[in-house]
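Undergrad: TSV, C-alpha atoms, saved as protein.tsv, coming up:
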```tsv
chain	number	residue	atom	x	y	z
A	1	MET	CA	55.45	-8.82	-91.30
A	2	THR	CA	56.16	-10.07	-87.80
A	3	PRO	CA	58.87	-7.94	-86.15
A	4	THR	CA	62.30	-9.50	-85.73
A	5	THR	CA	63.04	-10.56	-82.17
A	6	PRO	CA	66.06	-8.74	-80.70
A	7	PRO	CA	68.93	-11.15	-79.88
A	8	GLY	CA	68.81	-12.54	-76.34
A	9	SER	CA	65.30	-11.26	-75.60
A	10	HIS	CA	63.34	-14.45	-76.23
A	11	ARG	CA	61.46	-15.93	-73.27
A	12	HIS	CA	59.76	-19.31	-72.97
A	13	PHE	CA	57.00	-20.13	-70.50
A	14	ARG	CA	54.91	-23.12	-69.59
A	15	THR	CA	51.65	-21.22	-70.29
A	16	LEU	CA	50.59	-17.82	-71.60
A	17	PHE	CA	47.16	-16.27	-71.12
A	18	ILE	CA	46.16	-13.51	-73.56
A	19	SER	CA	42.76	-11.82	-73.82
A	20	ASP	CA	40.86	-8.86	-75.23
A	21	VAL	CA	42.92	-8.17	-78.34
A	22	HIS	CA	39.84	-6.88	-80.22
A	23	LEU	CA	41.10	-7.56	-83.73
A	24	GLY	CA	38.78	-5.75	-86.10
A	25	SER	CA	38.77	-2.68	-83.88
A	26	LYS	CA	40.84	0.41	-84.66
A	27	ALA	CA	41.87	0.43	-81.01
A	28	ALA	CA	43.57	-2.98	-81.20
A	29	GLN	CA	47.31	-2.81	-80.53
A	30	ALA	CA	48.25	-5.39	-83.17
A	31	GLU	CA	51.84	-4.28	-83.77
A	32	PRO	CA	52.86	-4.47	-80.08
A	33	LEU	CA	51.20	-7.89	-79.84
A	34	LEU	CA	53.16	-9.10	-82.87
A	35	ALA	CA	56.38	-7.95	-81.21
A	36	PHE	CA	55.36	-9.69	-77.99
A	37	LEU	CA	54.53	-12.97	-79.78
A	38	ALA	CA	57.85	-12.85	-81.64
A	39	SER	CA	59.79	-12.85	-78.37
A	40	HIS	CA	57.55	-15.01	-76.15
A	41	ASP	CA	56.71	-18.70	-76.55
A	42	ALA	CA	54.91	-21.24	-74.39
A	43	GLU	CA	53.95	-24.89	-74.36
A	44	LYS	CA	50.31	-23.82	-74.09
A	45	ILE	CA	48.58	-20.54	-74.94
A	46	TYR	CA	45.09	-19.64	-73.78
A	47	LEU	CA	43.21	-17.04	-75.80
A	48	VAL	CA	40.80	-15.87	-73.12
A	49	GLY	CA	38.11	-14.22	-75.22
A	50	ASP	CA	37.49	-11.10	-77.30
A	51	ILE	CA	40.43	-11.88	-79.54
A	52	VAL	CA	38.30	-10.94	-82.55
A	53	ASP	CA	35.81	-8.10	-82.13
A	54	GLY	CA	32.73	-9.31	-83.94
A	55	TRP	CA	30.62	-6.45	-82.58
A	56	ARG	CA	32.72	-3.81	-84.32
A	57	LEU	CA	33.14	-5.83	-87.49
A	58	LYS	CA	29.35	-5.97	-87.80
A	59	ARG	CA	29.22	-2.18	-87.66
A	60	ALA	CA	32.09	-1.46	-90.05
A	61	TRP	CA	34.74	-3.70	-91.58
A	62	HIS	CA	38.25	-2.93	-90.35
A	63	TRP	CA	40.90	-5.61	-90.90
A	64	PRO	CA	44.37	-4.24	-91.73
A	65	GLN	CA	47.30	-6.49	-92.55
A	66	SER	CA	48.64	-6.30	-88.99
A	67	HIS	CA	45.44	-7.93	-87.69
A	68	ASN	CA	45.82	-10.74	-90.19
A	69	ASP	CA	49.48	-11.08	-89.12
A	70	VAL	CA	48.37	-11.65	-85.51
A	71	VAL	CA	46.10	-14.49	-86.59
A	72	GLN	CA	48.92	-15.98	-88.67
A	73	ALA	CA	51.32	-15.68	-85.71
A	74	PHE	CA	49.02	-17.82	-83.54
A	75	LEU	CA	48.49	-20.34	-86.35
A	76	ARG	CA	52.25	-20.55	-86.87
A	77	LYS	CA	52.79	-21.29	-83.17
A	78	ALA	CA	50.11	-24.01	-83.35
A	79	ARG	CA	51.85	-25.61	-86.33
A	80	LYS	CA	55.11	-25.65	-84.39
A	81	GLY	CA	53.53	-27.61	-81.56
A	82	THR	CA	52.10	-25.04	-79.14
A	83	GLN	CA	48.75	-26.12	-77.73
A	84	ILE	CA	46.39	-23.18	-78.25
A	85	ILE	CA	42.97	-23.10	-76.59
A	86	TYR	CA	40.48	-20.39	-77.56
A	87	VAL	CA	37.87	-19.56	-74.91
A	88	PRO	CA	35.45	-17.13	-76.64
A	89	GLY	CA	34.13	-13.96	-75.02
A	90	ASN	CA	31.13	-11.78	-75.72
A	91	HIS	CA	32.71	-9.92	-78.65
A	92	ASP	CA	33.64	-13.19	-80.38
A	93	GLU	CA	30.61	-15.13	-79.13
A	94	PHE	CA	30.04	-16.48	-82.65
A	95	LEU	CA	32.71	-19.08	-81.79
A	96	ARG	CA	30.67	-20.38	-78.86
A	97	GLY	CA	28.71	-22.42	-81.37
A	98	PHE	CA	31.82	-24.52	-82.12
A	99	PRO	CA	32.94	-26.12	-78.84
A	100	GLY	CA	35.53	-28.82	-79.37
A	101	GLN	CA	36.21	-27.75	-82.94
A	102	HIS	CA	39.74	-27.12	-84.22
A	103	PHE	CA	40.63	-24.26	-86.56
A	104	GLY	CA	44.17	-24.55	-87.87
A	105	GLY	CA	45.23	-26.37	-84.72
A	106	ILE	CA	43.48	-23.92	-82.36
A	107	GLU	CA	40.81	-25.62	-80.24
A	108	VAL	CA	37.64	-23.84	-79.11
A	109	ARG	CA	36.47	-24.53	-75.55
A	110	LEU	CA	33.70	-22.65	-73.73
A	111	THR	CA	35.67	-22.83	-70.48
A	112	ASP	CA	38.61	-24.90	-69.32
A	113	VAL	CA	40.43	-25.97	-66.17
A	114	HIS	CA	44.19	-25.48	-66.33
A	115	GLU	CA	46.47	-27.30	-63.90
A	116	THR	CA	49.63	-25.41	-63.03
A	117	ALA	CA	53.02	-27.05	-62.62
A	118	ASP	CA	52.59	-26.91	-58.83
A	119	GLY	CA	49.22	-28.65	-58.96
A	120	ARG	CA	46.71	-25.80	-58.67
A	121	ARG	CA	43.52	-25.93	-60.69
A	122	LEU	CA	42.59	-22.66	-62.44
A	123	LEU	CA	39.22	-22.11	-64.08
A	124	VAL	CA	39.72	-20.32	-67.41
A	125	MET	CA	36.80	-18.25	-68.72
A	126	HIS	CA	36.35	-14.87	-70.37
A	127	GLY	CA	34.11	-13.53	-67.61
A	128	ASP	CA	31.26	-11.82	-69.47
A	129	GLU	CA	28.99	-14.56	-68.13
A	130	PHE	CA	29.15	-12.70	-64.82
A	131	ASP	CA	28.75	-9.19	-66.20
A	132	VAL	CA	25.10	-8.36	-65.53
A	133	VAL	CA	25.19	-5.56	-68.11
A	134	VAL	CA	26.21	-7.93	-70.90
A	135	ARG	CA	23.90	-10.73	-69.76
A	136	ASN	CA	20.75	-8.74	-69.05
A	137	ALA	CA	20.97	-5.50	-71.02
A	138	ARG	CA	22.61	-6.09	-74.39
A	139	LEU	CA	21.63	-2.65	-75.72
A	140	ILE	CA	23.31	-0.94	-72.78
A	141	ALA	CA	26.40	-3.07	-73.37
A	142	TYR	CA	26.54	-1.99	-77.02
A	143	LEU	CA	26.19	1.67	-76.00
A	144	GLY	CA	28.94	1.25	-73.43
A	145	ASP	CA	31.12	-0.30	-76.11
A	146	TRP	CA	30.55	2.73	-78.34
A	147	ALA	CA	31.39	5.06	-75.45
A	148	TYR	CA	34.64	3.17	-74.86
A	149	ASP	CA	35.56	3.66	-78.53
A	150	ALA	CA	34.95	7.38	-78.10
A	151	ALA	CA	37.12	7.45	-74.98
A	152	ILE	CA	39.96	5.72	-76.87
A	153	ALA	CA	39.72	8.38	-79.60
A	154	ILE	CA	39.90	11.12	-76.96
A	155	ASN	CA	42.93	9.32	-75.52
A	156	LEU	CA	44.86	9.64	-78.79
A	157	VAL	CA	44.33	13.39	-79.07
A	158	PHE	CA	44.85	14.04	-75.36
A	159	ASN	CA	48.16	12.15	-75.21
A	160	GLN	CA	49.47	13.82	-78.34
A	161	LEU	CA	49.04	17.13	-76.49
A	162	ARG	CA	50.64	15.72	-73.33
A	163	ARG	CA	53.70	14.54	-75.29
A	164	ARG	CA	54.01	17.97	-76.91
A	165	PHE	CA	54.30	19.52	-73.44
A	166	GLY	CA	56.65	16.86	-72.13
A	167	PHE	CA	54.19	14.82	-70.07
A	168	GLY	CA	53.92	11.03	-70.05
A	169	TYR	CA	51.06	8.78	-71.11
A	170	TRP	CA	47.81	8.99	-69.15
A	171	SER	CA	44.78	6.87	-69.96
A	172	PHE	CA	41.58	8.89	-69.99
A	173	SER	CA	39.55	5.85	-71.04
A	174	SER	CA	40.87	3.68	-68.20
A	175	TRP	CA	40.26	6.48	-65.71
A	176	ALA	CA	36.73	7.05	-66.96
A	177	LYS	CA	35.86	3.36	-67.03
A	178	LEU	CA	37.20	2.76	-63.53
A	179	LYS	CA	35.40	5.79	-62.14
A	180	VAL	CA	32.06	4.74	-63.60
A	181	LYS	CA	32.37	1.07	-62.74
A	182	ASN	CA	33.70	1.74	-59.27
A	183	ALA	CA	30.67	3.97	-58.67
A	184	VAL	CA	28.43	0.91	-59.02
A	185	SER	CA	30.97	-1.44	-57.39
A	186	PHE	CA	31.15	-3.30	-60.68
A	187	ILE	CA	34.74	-4.47	-60.63
A	188	GLY	CA	34.59	-5.73	-57.06
A	189	ALA	CA	31.36	-7.61	-57.73
A	190	PHE	CA	32.79	-9.05	-60.95
A	191	GLU	CA	35.92	-10.34	-59.23
A	192	THR	CA	33.94	-11.79	-56.33
A	193	ALA	CA	31.51	-13.53	-58.69
A	194	LEU	CA	34.30	-15.16	-60.70
A	195	ALA	CA	36.16	-16.25	-57.58
A	196	SER	CA	32.94	-17.78	-56.24
A	197	GLU	CA	32.42	-19.65	-59.52
A	198	ALA	CA	35.96	-21.03	-59.35
A	199	GLU	CA	35.33	-22.21	-55.80
A	200	ARG	CA	32.02	-23.79	-56.86
A	201	MET	CA	33.87	-25.65	-59.62
A	202	GLY	CA	36.38	-27.01	-57.11
A	203	CYS	CA	39.21	-24.84	-58.46
A	204	ASP	CA	41.93	-22.92	-56.63
A	205	GLY	CA	41.60	-19.85	-58.81
A	206	VAL	CA	40.25	-18.27	-61.97
A	207	VAL	CA	41.89	-16.70	-65.03
A	208	CYS	CA	39.72	-14.28	-66.99
A	209	GLY	CA	39.68	-11.11	-69.10
A	210	HIS	CA	36.72	-8.96	-70.13
A	211	ILE	CA	37.15	-5.86	-67.95
A	212	HIS	CA	40.58	-4.79	-69.33
A	213	HIS	CA	42.05	-4.57	-65.84
A	214	PRO	CA	45.16	-6.79	-65.43
A	215	GLN	CA	45.98	-8.08	-61.98
A	216	ILE	CA	46.81	-11.05	-59.79
A	217	ALA	CA	45.08	-10.99	-56.43
A	218	GLN	CA	43.28	-13.02	-53.78
A	219	ARG	CA	39.52	-12.94	-53.39
A	220	ALA	CA	38.24	-14.80	-50.32
A	221	GLY	CA	41.05	-17.34	-50.51
A	222	ILE	CA	40.66	-17.87	-54.26
A	223	LEU	CA	43.31	-16.74	-56.73
A	224	TYR	CA	41.88	-14.11	-59.11
A	225	VAL	CA	43.91	-13.50	-62.28
A	226	ASN	CA	42.96	-11.09	-65.07
A	227	SER	CA	45.14	-11.04	-68.19
A	228	GLY	CA	44.18	-7.47	-69.11
A	229	ASP	CA	43.98	-6.46	-72.77
A	230	TRP	CA	45.78	-5.40	-75.96
A	231	VAL	CA	43.92	-2.12	-76.36
A	232	GLU	CA	45.67	-0.14	-73.62
A	233	SER	CA	47.35	-2.37	-71.03
A	234	CYS	CA	49.21	-4.57	-73.57
A	235	SER	CA	49.47	-7.27	-70.92
A	236	ALA	CA	49.51	-11.04	-70.55
A	237	ILE	CA	49.79	-13.59	-67.77
A	238	ALA	CA	52.62	-16.11	-67.89
A	239	GLU	CA	53.04	-19.33	-65.94
A	240	ARG	CA	56.66	-20.26	-65.40
A	241	ASN	CA	57.91	-23.85	-65.24
A	242	ASP	CA	57.59	-23.95	-61.45
A	243	GLY	CA	53.94	-22.86	-61.57
A	244	SER	CA	54.53	-19.29	-60.41
A	245	LEU	CA	52.62	-16.58	-62.25
A	246	GLU	CA	53.96	-13.42	-63.83
A	247	LEU	CA	52.09	-10.38	-65.12
A	248	LEU	CA	53.82	-9.11	-68.28
A	249	THR	CA	53.33	-5.63	-69.64
A	250	TRP	CA	54.69	-4.86	-73.11
A	251	THR	CA	56.14	-1.37	-73.19
A	252	GLY	CA	57.92	-1.13	-76.51
A	253	ALA	CA	59.13	-2.83	-79.65
A	254	GLN	CA	62.13	-4.39	-77.88
A	255	ALA	CA	61.30	-4.58	-74.20
A	256	THR	CA	58.89	-6.22	-71.84
A	257	VAL	CA	58.66	-5.15	-68.21
A	258	PRO	CA	57.65	-8.19	-66.13
A	259	HIS	CA	55.64	-7.62	-62.98
A	260	LEU	CA	56.75	-10.75	-61.15
A	261	VAL	CA	54.21	-12.16	-58.72
A	262	GLU	CA	55.37	-15.14	-56.72
A	263	VAL	CA	52.10	-16.80	-55.68
A	264	PRO	CA	52.50	-18.85	-52.48
A	265	GLN	CA	50.05	-21.43	-51.20
A	266	LEU	CA	46.57	-19.98	-51.42
A	267	GLN	CA	45.78	-20.03	-47.72
A	268	ASP	CA	48.90	-17.92	-47.01
A	269	ALA	CA	48.75	-15.51	-49.94
A	270	PRO	CA	48.13	-11.84	-49.14
A	271	ALA	CA	45.99	-9.63	-51.31
A	272	LEU	CA	48.03	-8.01	-54.06
A	273	GLU	CA	47.62	-4.53	-55.48
A	274	PRO	CA	46.62	-4.33	-59.15
A	275	ALA	CA	49.56	-3.93	-61.52
A	276	LYS	CA	49.70	-0.62	-63.34
A	277	ALA	CA	48.97	-0.70	-67.04
A	278	ALA	CA	51.74	0.26	-69.43
```
Please express what this file holds, its structure, as C-alpha coordinates.
TA:
Amino acid sequence: MTPTTPPGSHRHFRTLFISDVHLGSKAAQAEPLLAFLASHDAEKIYLVGDIVDGWRLKRAWHWPQSHNDVVQAFLRKARKGTQIIYVPGNHDEFLRGFPGQHFGGIEVRLTDVHETADGRRLLVMHGDEFDVVVRNARLIAYLGDWAYDAAIAINLVFNQLRRRFGFGYWSFSSWAKLKVKNAVSFIGAFETALASEAERMGCDGVVCGHIHHPQIAQRAGILYVNSGDWVESCSAIAERNDGSLELLTWTGAQATVPHLVEVPQLQDAPALEPAKAA
(Lines of atoms letter the chains of each structure in order from A and count residues from 1; the text may use other names and numbers.)
(Lines give C-alpha, C1' and ligand atoms only; values in the text may rest on other atoms or scores of the structure.)
Protein backbone atom coordinates (compact mmCIF):
# COMPACT_ATOMS: atom_id res chain seq x y z
CA MET A 1 0.00 0.00 0.00
CA THR A 2 1.20 3.50 -0.83
CA PRO A 3 1.68 5.54 2.37
CA THR A 4 -0.87 8.25 3.10
CA THR A 5 0.45 11.74 2.44
CA PRO A 6 0.47 13.91 5.58
CA PRO A 7 -1.90 16.92 5.27
CA GLY A 8 -0.26 20.03 3.83
CA SER A 9 2.93 18.26 2.75
CA HIS A 10 2.13 17.77 -0.93
CA ARG A 11 4.42 19.51 -3.44
CA HIS A 12 3.96 19.93 -7.18
CA PHE A 13 6.78 20.60 -9.64
CA ARG A 14 7.14 21.15 -13.34
CA THR A 15 9.56 18.20 -13.68
CA LEU A 16 11.02 15.48 -11.47
CA PHE A 17 14.14 13.45 -12.27
CA ILE A 18 14.53 10.11 -10.47
CA SER A 19 17.22 7.50 -11.09
CA ASP A 20 18.90 4.39 -9.73
CA VAL A 21 16.04 2.89 -7.75
CA HIS A 22 17.31 -0.66 -8.39
CA LEU A 23 13.99 -2.44 -7.95
CA GLY A 24 14.75 -6.14 -7.69
CA SER A 25 17.67 -5.47 -5.37
CA LYS A 26 17.45 -5.96 -1.62
CA ALA A 27 19.17 -2.60 -1.24
CA ALA A 28 16.37 -0.68 -2.98
CA GLN A 29 14.65 1.82 -0.69
CA ALA A 30 11.15 1.17 -2.04
CA GLU A 31 9.17 2.31 1.01
CA PRO A 32 10.81 5.76 1.21
CA LEU A 33 10.29 6.17 -2.54
CA LEU A 34 6.59 5.32 -2.15
CA ALA A 35 6.30 7.97 0.55
CA PHE A 36 8.10 10.47 -1.67
CA LEU A 37 5.85 9.73 -4.67
CA ALA A 38 2.75 10.08 -2.51
CA SER A 39 3.67 13.65 -1.59
CA HIS A 40 5.36 14.85 -4.80
CA ASP A 41 3.80 15.32 -8.23
CA ALA A 42 5.00 16.84 -11.50
CA GLU A 43 3.80 17.55 -15.00
CA LYS A 44 6.67 15.41 -16.29
CA ILE A 45 8.77 12.72 -14.62
CA TYR A 46 12.02 11.40 -16.02
CA LEU A 47 13.13 7.95 -14.89
CA VAL A 48 16.85 8.31 -15.56
CA GLY A 49 17.92 4.67 -15.67
CA ASP A 50 18.50 1.70 -13.37
CA ILE A 51 14.93 1.85 -12.11
CA VAL A 52 14.75 -1.94 -12.40
CA ASP A 53 17.90 -3.93 -11.61
CA GLY A 54 17.99 -6.60 -14.27
CA TRP A 55 21.51 -7.66 -13.30
CA ARG A 56 20.44 -8.73 -9.82
CA LEU A 57 17.18 -10.26 -10.98
CA LYS A 58 19.18 -12.52 -13.30
CA ARG A 59 21.21 -13.75 -10.33
CA ALA A 60 18.32 -14.26 -7.89
CA TRP A 61 14.67 -13.24 -8.03
CA HIS A 62 13.74 -10.64 -5.44
CA TRP A 63 10.50 -8.72 -6.00
CA PRO A 64 8.57 -7.91 -2.79
CA GLN A 65 5.20 -6.18 -2.83
CA SER A 66 6.77 -2.79 -2.13
CA HIS A 67 8.70 -2.99 -5.42
CA ASN A 68 5.51 -3.77 -7.29
CA ASP A 69 3.84 -0.84 -5.48
CA VAL A 70 6.52 1.52 -6.84
CA VAL A 71 5.79 0.40 -10.39
CA GLN A 72 2.06 0.84 -9.78
CA ALA A 73 2.66 4.32 -8.34
CA PHE A 74 4.37 5.44 -11.57
CA LEU A 75 1.66 3.84 -13.71
CA ARG A 76 -1.02 5.56 -11.63
CA LYS A 77 0.65 8.95 -12.18
CA ALA A 78 0.80 8.25 -15.93
CA ARG A 79 -2.91 7.44 -15.98
CA LYS A 80 -3.64 10.73 -14.23
CA GLY A 81 -1.86 12.70 -16.94
CA THR A 82 1.79 12.91 -15.88
CA GLN A 83 4.16 12.53 -18.82
CA ILE A 84 6.67 9.86 -17.80
CA ILE A 85 9.80 9.24 -19.87
CA TYR A 86 12.00 6.23 -19.08
CA VAL A 87 15.64 6.56 -20.13
CA PRO A 88 17.18 3.10 -19.47
CA GLY A 89 20.54 2.56 -17.81
CA ASN A 90 22.96 -0.34 -17.77
CA HIS A 91 21.06 -2.34 -15.13
CA ASP A 92 17.81 -2.08 -17.11
CA GLU A 93 19.46 -2.13 -20.54
CA PHE A 94 16.89 -4.69 -21.72
CA LEU A 95 14.58 -1.70 -22.31
CA ARG A 96 17.02 -0.14 -24.76
CA GLY A 97 15.59 -2.46 -27.37
CA PHE A 98 12.23 -0.64 -27.19
CA PRO A 99 12.87 3.03 -28.04
CA GLY A 100 9.67 4.94 -28.66
CA GLN A 101 7.51 2.21 -27.15
CA HIS A 102 4.90 2.95 -24.47
CA PHE A 103 4.28 0.69 -21.48
CA GLY A 104 1.20 1.70 -19.54
CA GLY A 105 1.68 5.31 -20.60
CA ILE A 106 5.43 5.35 -19.82
CA GLU A 107 7.54 6.09 -22.91
CA VAL A 108 11.01 4.63 -23.42
CA ARG A 109 13.64 6.96 -24.91
CA LEU A 110 17.37 6.21 -25.15
CA THR A 111 18.17 9.85 -24.36
CA ASP A 112 16.15 13.04 -24.38
CA VAL A 113 16.54 16.81 -24.39
CA HIS A 114 14.44 18.58 -21.78
CA GLU A 115 13.74 22.30 -22.07
CA THR A 116 13.34 24.06 -18.74
CA ALA A 117 10.78 26.78 -18.10
CA ASP A 118 13.51 29.41 -18.50
CA GLY A 119 14.58 28.05 -21.88
CA ARG A 120 17.66 25.95 -21.08
CA ARG A 121 18.21 22.69 -22.92
CA LEU A 122 19.25 19.76 -20.71
CA LEU A 123 20.49 16.47 -22.14
CA VAL A 124 18.95 13.59 -20.17
CA MET A 125 20.86 10.30 -20.13
CA HIS A 126 21.74 7.66 -17.56
CA GLY A 127 25.49 8.10 -17.99
CA ASP A 128 26.84 4.55 -18.16
CA GLU A 129 27.70 5.25 -21.80
CA PHE A 130 30.62 7.27 -20.43
CA ASP A 131 31.70 4.81 -17.74
CA VAL A 132 34.71 3.06 -19.27
CA VAL A 133 34.39 0.19 -16.78
CA VAL A 134 30.84 -0.60 -17.90
CA ARG A 135 31.57 -0.06 -21.59
CA ASN A 136 34.88 -1.90 -21.89
CA ALA A 137 35.08 -4.37 -19.01
CA ARG A 138 31.67 -5.87 -18.29
CA LEU A 139 33.09 -8.58 -16.00
CA ILE A 140 34.79 -5.96 -13.84
CA ALA A 141 31.54 -4.02 -13.71
CA TYR A 142 29.67 -7.11 -12.49
CA LEU A 143 32.31 -7.74 -9.83
CA GLY A 144 32.10 -4.12 -8.72
CA ASP A 145 28.34 -4.47 -8.50
CA TRP A 146 28.75 -7.50 -6.24
CA ALA A 147 31.23 -5.60 -4.07
CA TYR A 148 28.74 -2.74 -3.72
CA ASP A 149 26.09 -5.22 -2.53
CA ALA A 150 28.55 -6.47 0.08
CA ALA A 151 29.28 -2.90 1.20
CA ILE A 152 25.54 -2.23 1.60
CA ALA A 153 25.24 -5.34 3.79
CA ILE A 154 28.16 -4.13 5.92
CA ASN A 155 26.39 -0.76 6.15
CA LEU A 156 23.32 -2.33 7.78
CA VAL A 157 25.29 -4.08 10.50
CA PHE A 158 27.66 -1.17 11.08
CA ASN A 159 24.86 1.39 11.50
CA GLN A 160 22.91 -0.85 13.83
CA LEU A 161 25.96 -0.77 16.12
CA ARG A 162 26.33 3.01 15.70
CA ARG A 163 22.68 3.56 16.68
CA ARG A 164 23.15 1.35 19.74
CA PHE A 165 25.94 3.65 20.91
CA GLY A 166 24.06 6.83 20.07
CA PHE A 167 25.85 7.75 16.84
CA GLY A 168 24.16 8.88 13.62
CA TYR A 169 24.09 7.25 10.20
CA TRP A 170 27.37 6.91 8.32
CA SER A 171 27.63 5.34 4.89
CA PHE A 172 30.51 2.89 4.63
CA SER A 173 29.56 1.99 1.06
CA SER A 174 29.51 5.61 -0.10
CA TRP A 175 32.83 6.27 1.62
CA ALA A 176 34.42 3.18 0.09
CA LYS A 177 33.09 3.88 -3.39
CA LEU A 178 34.22 7.50 -3.33
CA LYS A 179 37.67 6.57 -2.04
CA VAL A 180 38.21 3.97 -4.75
CA LYS A 181 36.78 6.03 -7.59
CA ASN A 182 38.52 9.20 -6.51
CA ALA A 183 41.80 7.26 -6.54
CA VAL A 184 41.41 6.78 -10.30
CA SER A 185 39.78 10.21 -10.80
CA PHE A 186 36.67 8.40 -11.97
CA ILE A 187 33.99 10.80 -10.80
CA GLY A 188 35.74 13.87 -12.16
CA ALA A 189 36.32 12.21 -15.52
CA PHE A 190 32.71 11.01 -15.62
CA GLU A 191 31.30 14.47 -14.94
CA THR A 192 33.62 16.10 -17.47
CA ALA A 193 32.71 13.53 -20.14
CA LEU A 194 28.97 14.06 -19.67
CA ALA A 195 29.31 17.84 -19.66
CA SER A 196 31.34 17.61 -22.89
CA GLU A 197 28.65 15.44 -24.47
CA ALA A 198 25.97 17.96 -23.51
CA GLU A 199 28.02 20.74 -25.08
CA ARG A 200 28.54 18.64 -28.23
CA MET A 201 24.78 18.15 -28.45
CA GLY A 202 24.21 21.90 -28.24
CA CYS A 203 22.73 21.69 -24.73
CA ASP A 204 23.21 23.94 -21.71
CA GLY A 205 23.53 21.06 -19.29
CA VAL A 206 23.10 17.37 -18.59
CA VAL A 207 20.94 15.40 -16.14
CA CYS A 208 22.17 11.89 -15.33
CA GLY A 209 22.40 9.20 -12.66
CA HIS A 210 24.57 6.07 -12.60
CA ILE A 211 27.22 6.95 -9.99
CA HIS A 212 24.82 7.41 -7.02
CA HIS A 213 26.27 10.82 -6.22
CA PRO A 214 23.59 13.57 -6.20
CA GLN A 215 24.66 17.10 -7.01
CA ILE A 216 24.11 20.23 -9.06
CA ALA A 217 27.31 21.85 -10.27
CA GLN A 218 29.08 23.57 -13.14
CA ARG A 219 31.60 21.78 -15.32
CA ALA A 220 33.41 24.07 -17.78
CA GLY A 221 30.37 26.31 -18.16
CA ILE A 222 27.95 23.39 -18.56
CA LEU A 223 25.36 22.56 -15.91
CA TYR A 224 25.98 19.08 -14.47
CA VAL A 225 23.05 17.54 -12.57
CA ASN A 226 23.03 14.08 -10.99
CA SER A 227 19.77 12.86 -9.45
CA GLY A 228 21.50 10.44 -7.07
CA ASP A 229 19.78 7.18 -6.13
CA TRP A 230 17.20 5.36 -3.99
CA VAL A 231 19.66 2.95 -2.42
CA GLU A 232 21.33 5.34 0.02
CA SER A 233 20.88 8.99 -0.97
CA CYS A 234 17.09 8.80 -1.48
CA SER A 235 17.30 11.87 -3.68
CA ALA A 236 15.66 13.43 -6.72
CA ILE A 237 16.01 16.57 -8.80
CA ALA A 238 13.01 18.87 -9.16
CA GLU A 239 12.43 21.67 -11.63
CA ARG A 240 10.16 24.37 -10.30
CA ASN A 241 7.76 26.37 -12.46
CA ASP A 242 10.31 29.15 -12.99
CA GLY A 243 12.95 26.69 -14.26
CA SER A 244 15.08 26.71 -11.11
CA LEU A 245 16.38 23.36 -9.93
CA GLU A 246 16.12 21.82 -6.49
CA LEU A 247 17.90 18.80 -5.04
CA LEU A 248 15.48 16.89 -2.79
CA THR A 249 16.61 14.42 -0.18
CA TRP A 250 13.97 12.24 1.48
CA THR A 251 14.77 11.81 5.16
CA GLY A 252 11.71 10.15 6.62
CA ALA A 253 8.16 8.97 6.19
CA GLN A 254 6.74 12.49 6.57
CA ALA A 255 9.48 14.92 5.68
CA THR A 256 11.62 15.97 2.78
CA VAL A 257 14.58 18.28 3.25
CA PRO A 258 15.02 20.33 0.06
CA HIS A 259 18.51 21.46 -0.88
CA LEU A 260 17.47 24.52 -2.88
CA VAL A 261 19.84 25.47 -5.68
CA GLU A 262 18.97 28.63 -7.53
CA VAL A 263 20.76 28.19 -10.87
CA PRO A 264 21.55 31.55 -12.51
CA GLN A 265 22.56 32.05 -16.12
CA LEU A 266 25.20 29.50 -16.98
CA GLN A 267 28.01 31.94 -17.73
CA ASP A 268 27.63 33.48 -14.25
CA ALA A 269 27.04 30.35 -12.20
CA PRO A 270 29.71 29.40 -9.66
CA ALA A 271 30.69 25.82 -8.98
CA LEU A 272 28.52 24.28 -6.29
CA GLU A 273 29.57 21.81 -3.63
CA PRO A 274 27.92 18.38 -3.80
CA ALA A 275 24.86 18.03 -1.59
CA LYS A 276 25.24 15.60 1.29
CA ALA A 277 23.29 12.39 1.05
CA ALA A 278 20.58 11.75 3.62
Undergrad: Per residue of range 23-64 of chain A within 10 Å of range 217-231 of chain A, note the shortest atom pair and the distance in Å to one decimal, counting only C-alpha atoms, and order the rows by chain and increasing residue number, as JSON lines.
TA:
```
{"residue": "A:Leu23", "atom": "CA", "partner": "A:Trp230", "partner_atom": "CA", "distance": 9.3}
{"residue": "A:Ser25", "atom": "CA", "partner": "A:Val231", "partner_atom": "CA", "distance": 9.1}
{"residue": "A:Lys26", "atom": "CA", "partner": "A:Val231", "partner_atom": "CA", "distance": 9.2}
{"residue": "A:Ala27", "atom": "CA", "partner": "A:Val231", "partner_atom": "CA", "distance": 5.7}
{"residue": "A:Ala28", "atom": "CA", "partner": "A:Val231", "partner_atom": "CA", "distance": 4.9}
{"residue": "A:Gln29", "atom": "CA", "partner": "A:Val231", "partner_atom": "CA", "distance": 5.4}
{"residue": "A:Ala30", "atom": "CA", "partner": "A:Trp230", "partner_atom": "CA", "distance": 7.6}
{"residue": "A:Glu31", "atom": "CA", "partner": "A:Trp230", "partner_atom": "CA", "distance": 9.9}
{"residue": "A:Pro32", "atom": "CA", "partner": "A:Trp230", "partner_atom": "CA", "distance": 8.2}
{"residue": "A:Leu33", "atom": "CA", "partner": "A:Trp230", "partner_atom": "CA", "distance": 7.1}
{"residue": "A:Leu47", "atom": "CA", "partner": "A:Ser227", "partner_atom": "CA", "distance": 9.9}
{"residue": "A:Val48", "atom": "CA", "partner": "A:Ser227", "partner_atom": "CA", "distance": 8.2}
{"residue": "A:Asp50", "atom": "CA", "partner": "A:Asp229", "partner_atom": "CA", "distance": 9.2}
{"residue": "A:Ile51", "atom": "CA", "partner": "A:Trp230", "partner_atom": "CA", "distance": 9.1}
```
Undergrad: Which one is closest to Asn90 in chain A: A:Gln72, A:Ser196, A:Ser19, A:Thr251? Count all atoms listed in the file.
TA: A:Ser19
Undergrad: Record the distance separating CA of Ala38 in chain A and CA of Leu245 in chain A, expressed in Å with one decimal.
TA: 20.4 Å
Undergrad: Leaving out Ile84 in chain A and any residue of its chain fewer than 3 positions from it, which residues lie within 6 Å of it when counting all atoms listed in the file, given as a VMD selection string?
TA: chain A and resid 44 to 46 106
Undergrad: Go through A:Val52, A:Ala117, A:Cys208, A:Met125 one by one, measure the shortest atom-to-atom distance of each to Ser244 in chain A using all atoms listed in the file, and give the residue with the smallest value.
TA: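 Closest to Ser244 in chain A, using all atoms listed in the file: A:Ala117.
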Undergrad: Can you tell me how far CA of Asp92 in chain A sits from CA of Gly49 in chain A, in Å to one decimal?
TA: 6.9 Å
Undergrad: What does the structure give for the distance between CA of Phe17 in chain A and CA of Trp63 in chain A, in Å to one decimal?
TA: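 Interatomic distance, CA of Phe17 in chain A to CA of Trp63 in chain A: 23.3 Å.
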Undergrad: Identify, on the basis of all atoms listed in the file, every residue whose closest approach to Lys80 in chain A does not exceed 12 Å; exclude the query and any residue fewer than 4 positions from it along the same chain; express the result as a ChimeraX atom specification.
TA: /A:41-44,73-76,84,104-106
